[in-house]
Amino acid sequence: MPNNKTQPQAWDPNQYARFASERSSAFFDLLSLVTPVPDGQVVDLGCGTGELTRELHKHTRAQLTTGIDSSEAMLAKALPLAGAGLCFRLGDIADFDAPRSFDVVFANASLQWVPDHPRLLGRLAATLRPGGQLAIQVPANADHASHALADQVASQEPFASYLGSVSLAGTSAVCAPERYAELVHEIGFVDQSVRLQVYGHKLACAGDVVEWTRGTTLLRAQSRLPEDLFDQFVTRYRQALAEVLGDQTPYFYTFKRILIWARAPGD
């Protein structure tokens, strides 16, 4: 996999898909905000394995929908879905730049890995055609034990020597919902919808939170730690999480996400 400036480098499609149904809830809520753009051009930033990008393509009725992802492993799953106006390509969304090219720029649970969201949103707005739509969903769950304890363990030795001050969850870039509302207004969008949504996921047990985070949050640790040290990291994280969450069976996992939709002015 190529060097990536923003995201973890160890994406495992099978691990990520263990909770595909739960993770897709926010996608469909975000998709419901998007107005179809028949014969338009759509881009999905951080398309993953492509199944949801296919749903985006169907919903928008676009002439062309392009899914972009930095993970070769994810794209290997997505490429068989290509065709009939749907395509996929390798790319780092931190470098995405295509002035006035798209009718919809869609990014579901991907921009949290990219820093400086005020600047990022301005850059994404510049890729929209007149009347184009920006649709973004970012996790905002940094204060939950699942995320907070991951960063806490990462700050301990022997892990800290490898991980430094990196935020494993990638949530340090995420702004408050009201700040996103201000940003899209300042950029010049004429319509907007910004909301914080709490999703409740019924997991088999509290220990499943570890499997959830191994698909996303812990990937930055996995990509930077030697294999044996990563195993130690997961063990320590699992112990810390058990002390806080106990052995609840089943476990109701609350996950906060911010959904942002905005429309650019027309000609």
# chains A, B, ... in the order shown; residues from 1 in each chain; ligands from 1
>>> residues_around(residues="segment 211-214 of chain A", least_positions_apart="6", cutoff="10 Å", atoms="only C-alpha atoms", output="list in words")
Trp11, Asp12, Gln15, Tyr16, Ala17, Arg18, Phe19, Arg23, Ser146, His147, Ala150, Leu168, Ala169, Leu203, Arg220, Ala221, Gln222, Val234 and Arg238 of chain A
>>> write_last_selection(atoms="C-alpha atoms", output="short mmCIF file (atom, residue, chain, number, x, y, z; two decimals), in the first residue's frame")
data_model
loop_
_atom_site.label_atom_id
_atom_site.label_comp_id
_atom_site.auth_asym_id
_atom_site.auth_seq_id
_atom_site.Cartn_x
_atom_site.Cartn_y
_atom_site.Cartn_z
CA TRP A 11 -7.19 -1.33 6.63
CA ASP A 12 -8.66 -4.83 6.82
CA GLN A 15 -12.48 -6.70 10.15
CA TYR A 16 -14.21 -3.48 9.13
CA ALA A 17 -17.16 -5.42 7.72
CA ARG A 18 -17.85 -7.22 11.01
CA PHE A 19 -20.14 -4.33 11.95
CA ARG A 23 -21.66 1.43 10.53
CA SER A 146 -13.79 3.11 23.33
CA HIS A 147 -11.80 6.07 21.99
CA ALA A 150 -7.22 3.85 23.17
CA LEU A 168 -5.60 6.90 17.18
CA ALA A 169 -9.23 7.75 16.52
CA LEU A 203 -23.42 -5.56 20.45
CA ARG A 220 -2.99 3.62 13.48
CA ALA A 221 -1.42 1.71 16.36
CA GLN A 222 -1.27 -1.47 14.30
CA VAL A 234 -4.64 -4.72 22.38
CA ARG A 238 -8.98 -4.70 26.38
#
>>> select_by_dssp(residues="segment 82-112 of chain A", states="helix (DSSP H, G or I)", output="list of chain:residue names")
A:Ile93, A:Ala94, A:Asp95, A:Leu111, A:Gln112
>>> residues_around(residues="Phe28 of chain A", least_positions_apart="2", cutoff="10 Å", atoms="only C-alpha atoms", output="list in words")
Arg23, Ser24, Ser25, Ala26, Leu30, Leu31, Ser32, Leu33, Leu52, Glu55, Leu56 and Asn108 of chain A
>>> write_last_selection(atoms="C-alpha atoms", output="compact mmCIF listing (two decimals), in the first residue's frame")
# COMPACT_ATOMS: atom_id res chain seq x y z
CA ARG A 23 -21.66 1.43 10.53
CA SER A 24 -23.96 1.97 7.53
CA SER A 25 -26.76 3.60 9.56
CA ALA A 26 -25.20 7.04 9.39
CA LEU A 30 -26.62 11.28 5.25
CA LEU A 31 -27.70 9.94 1.86
CA SER A 32 -31.32 10.89 2.60
CA LEU A 33 -30.23 14.54 2.71
CA LEU A 52 -22.20 2.05 -0.09
CA GLU A 55 -25.99 2.96 -3.12
CA LEU A 56 -24.88 6.58 -3.50
CA ASN A 108 -18.89 9.31 4.97
>>> atom_distance(atom1="atom CA of Leu90 of chain A", atom2="atom CA of Thr127 of chain A")
18.3 Å
>>> select_by_dssp(residues="segment 114-187 of chain A", states="strand (DSSP E)", output="count of residues only")
12
>>> closest_residue(among="A:Ala107, A:Ala84, A:Ile93, A:Ala145", to="Lys58 of chain A", atoms="only C-alpha atoms")
A:Ala84
>>> closest_residue(among="A:Gly48, A:Lys202, A:Ile187, A:Leu149", to="Glu243 of chain A", atoms="only C-alpha atoms")
A:Leu149
>>> residues_around(residues="Arg100 of chain A", least_positions_apart="4", cutoff="8 Å", atoms="only C-alpha atoms", output="PyMOL selection string")
chain A and resi 126-130
>>> closest_residue(among="A:Ser223, A:Val184, A:Tyr237, A:Gln232", to="Gly207 of chain A", atoms="only C-alpha atoms")
A:Tyr237
>>> residues_around(residues="Val104 of chain A", least_positions_apart="4", cutoff="6 Å", atoms="only C-alpha atoms", output="list of chain:residue names")
A:Val42, A:Gly132, A:Gln133, A:Leu134
>>> residues_around(residues="Leu163 of chain A", least_positions_apart="2", cutoff="9 Å", atoms="only C-alpha atoms", output="compact mmCIF listing (two decimals) with C-alpha atoms, in the first residue's frame")
# COMPACT_ATOMS: atom_id res chain seq x y z
CA ALA A 154 -1.15 4.83 23.41
CA SER A 155 0.39 7.43 25.73
CA PHE A 159 3.80 2.13 23.00
CA ALA A 160 4.35 5.89 23.31
CA SER A 161 7.88 5.63 21.91
CA SER A 165 1.23 12.11 20.16
CA VAL A 166 -0.83 10.61 17.35
CA SER A 167 -4.59 10.48 17.92
CA LEU A 168 -5.60 6.90 17.18
CA ARG A 220 -2.99 3.62 13.48
CA ALA A 221 -1.42 1.71 16.36
CA ARG A 224 3.15 1.77 13.70
CA LEU A 225 3.82 -0.97 16.25
>>> closest_residue(among="A:Pro80, A:His185, A:Ile258, A:Asp247", to="Ala135 of chain A", atoms="only C-alpha atoms")
A:Ile258
>>> closest_residue(among="A:Cys47, A:Ala264, A:Leu86, A:Ala20", to="Leu111 of chain A", atoms="only C-alpha atoms")
A:Cys47
>>> residues_around(residues="Gly200 of chain A", least_positions_apart="3", cutoff="9 Å", atoms="only C-alpha atoms", output="JSON, numbers by chain")
{"A": [22, 252, 253, 254, 255, 256]}
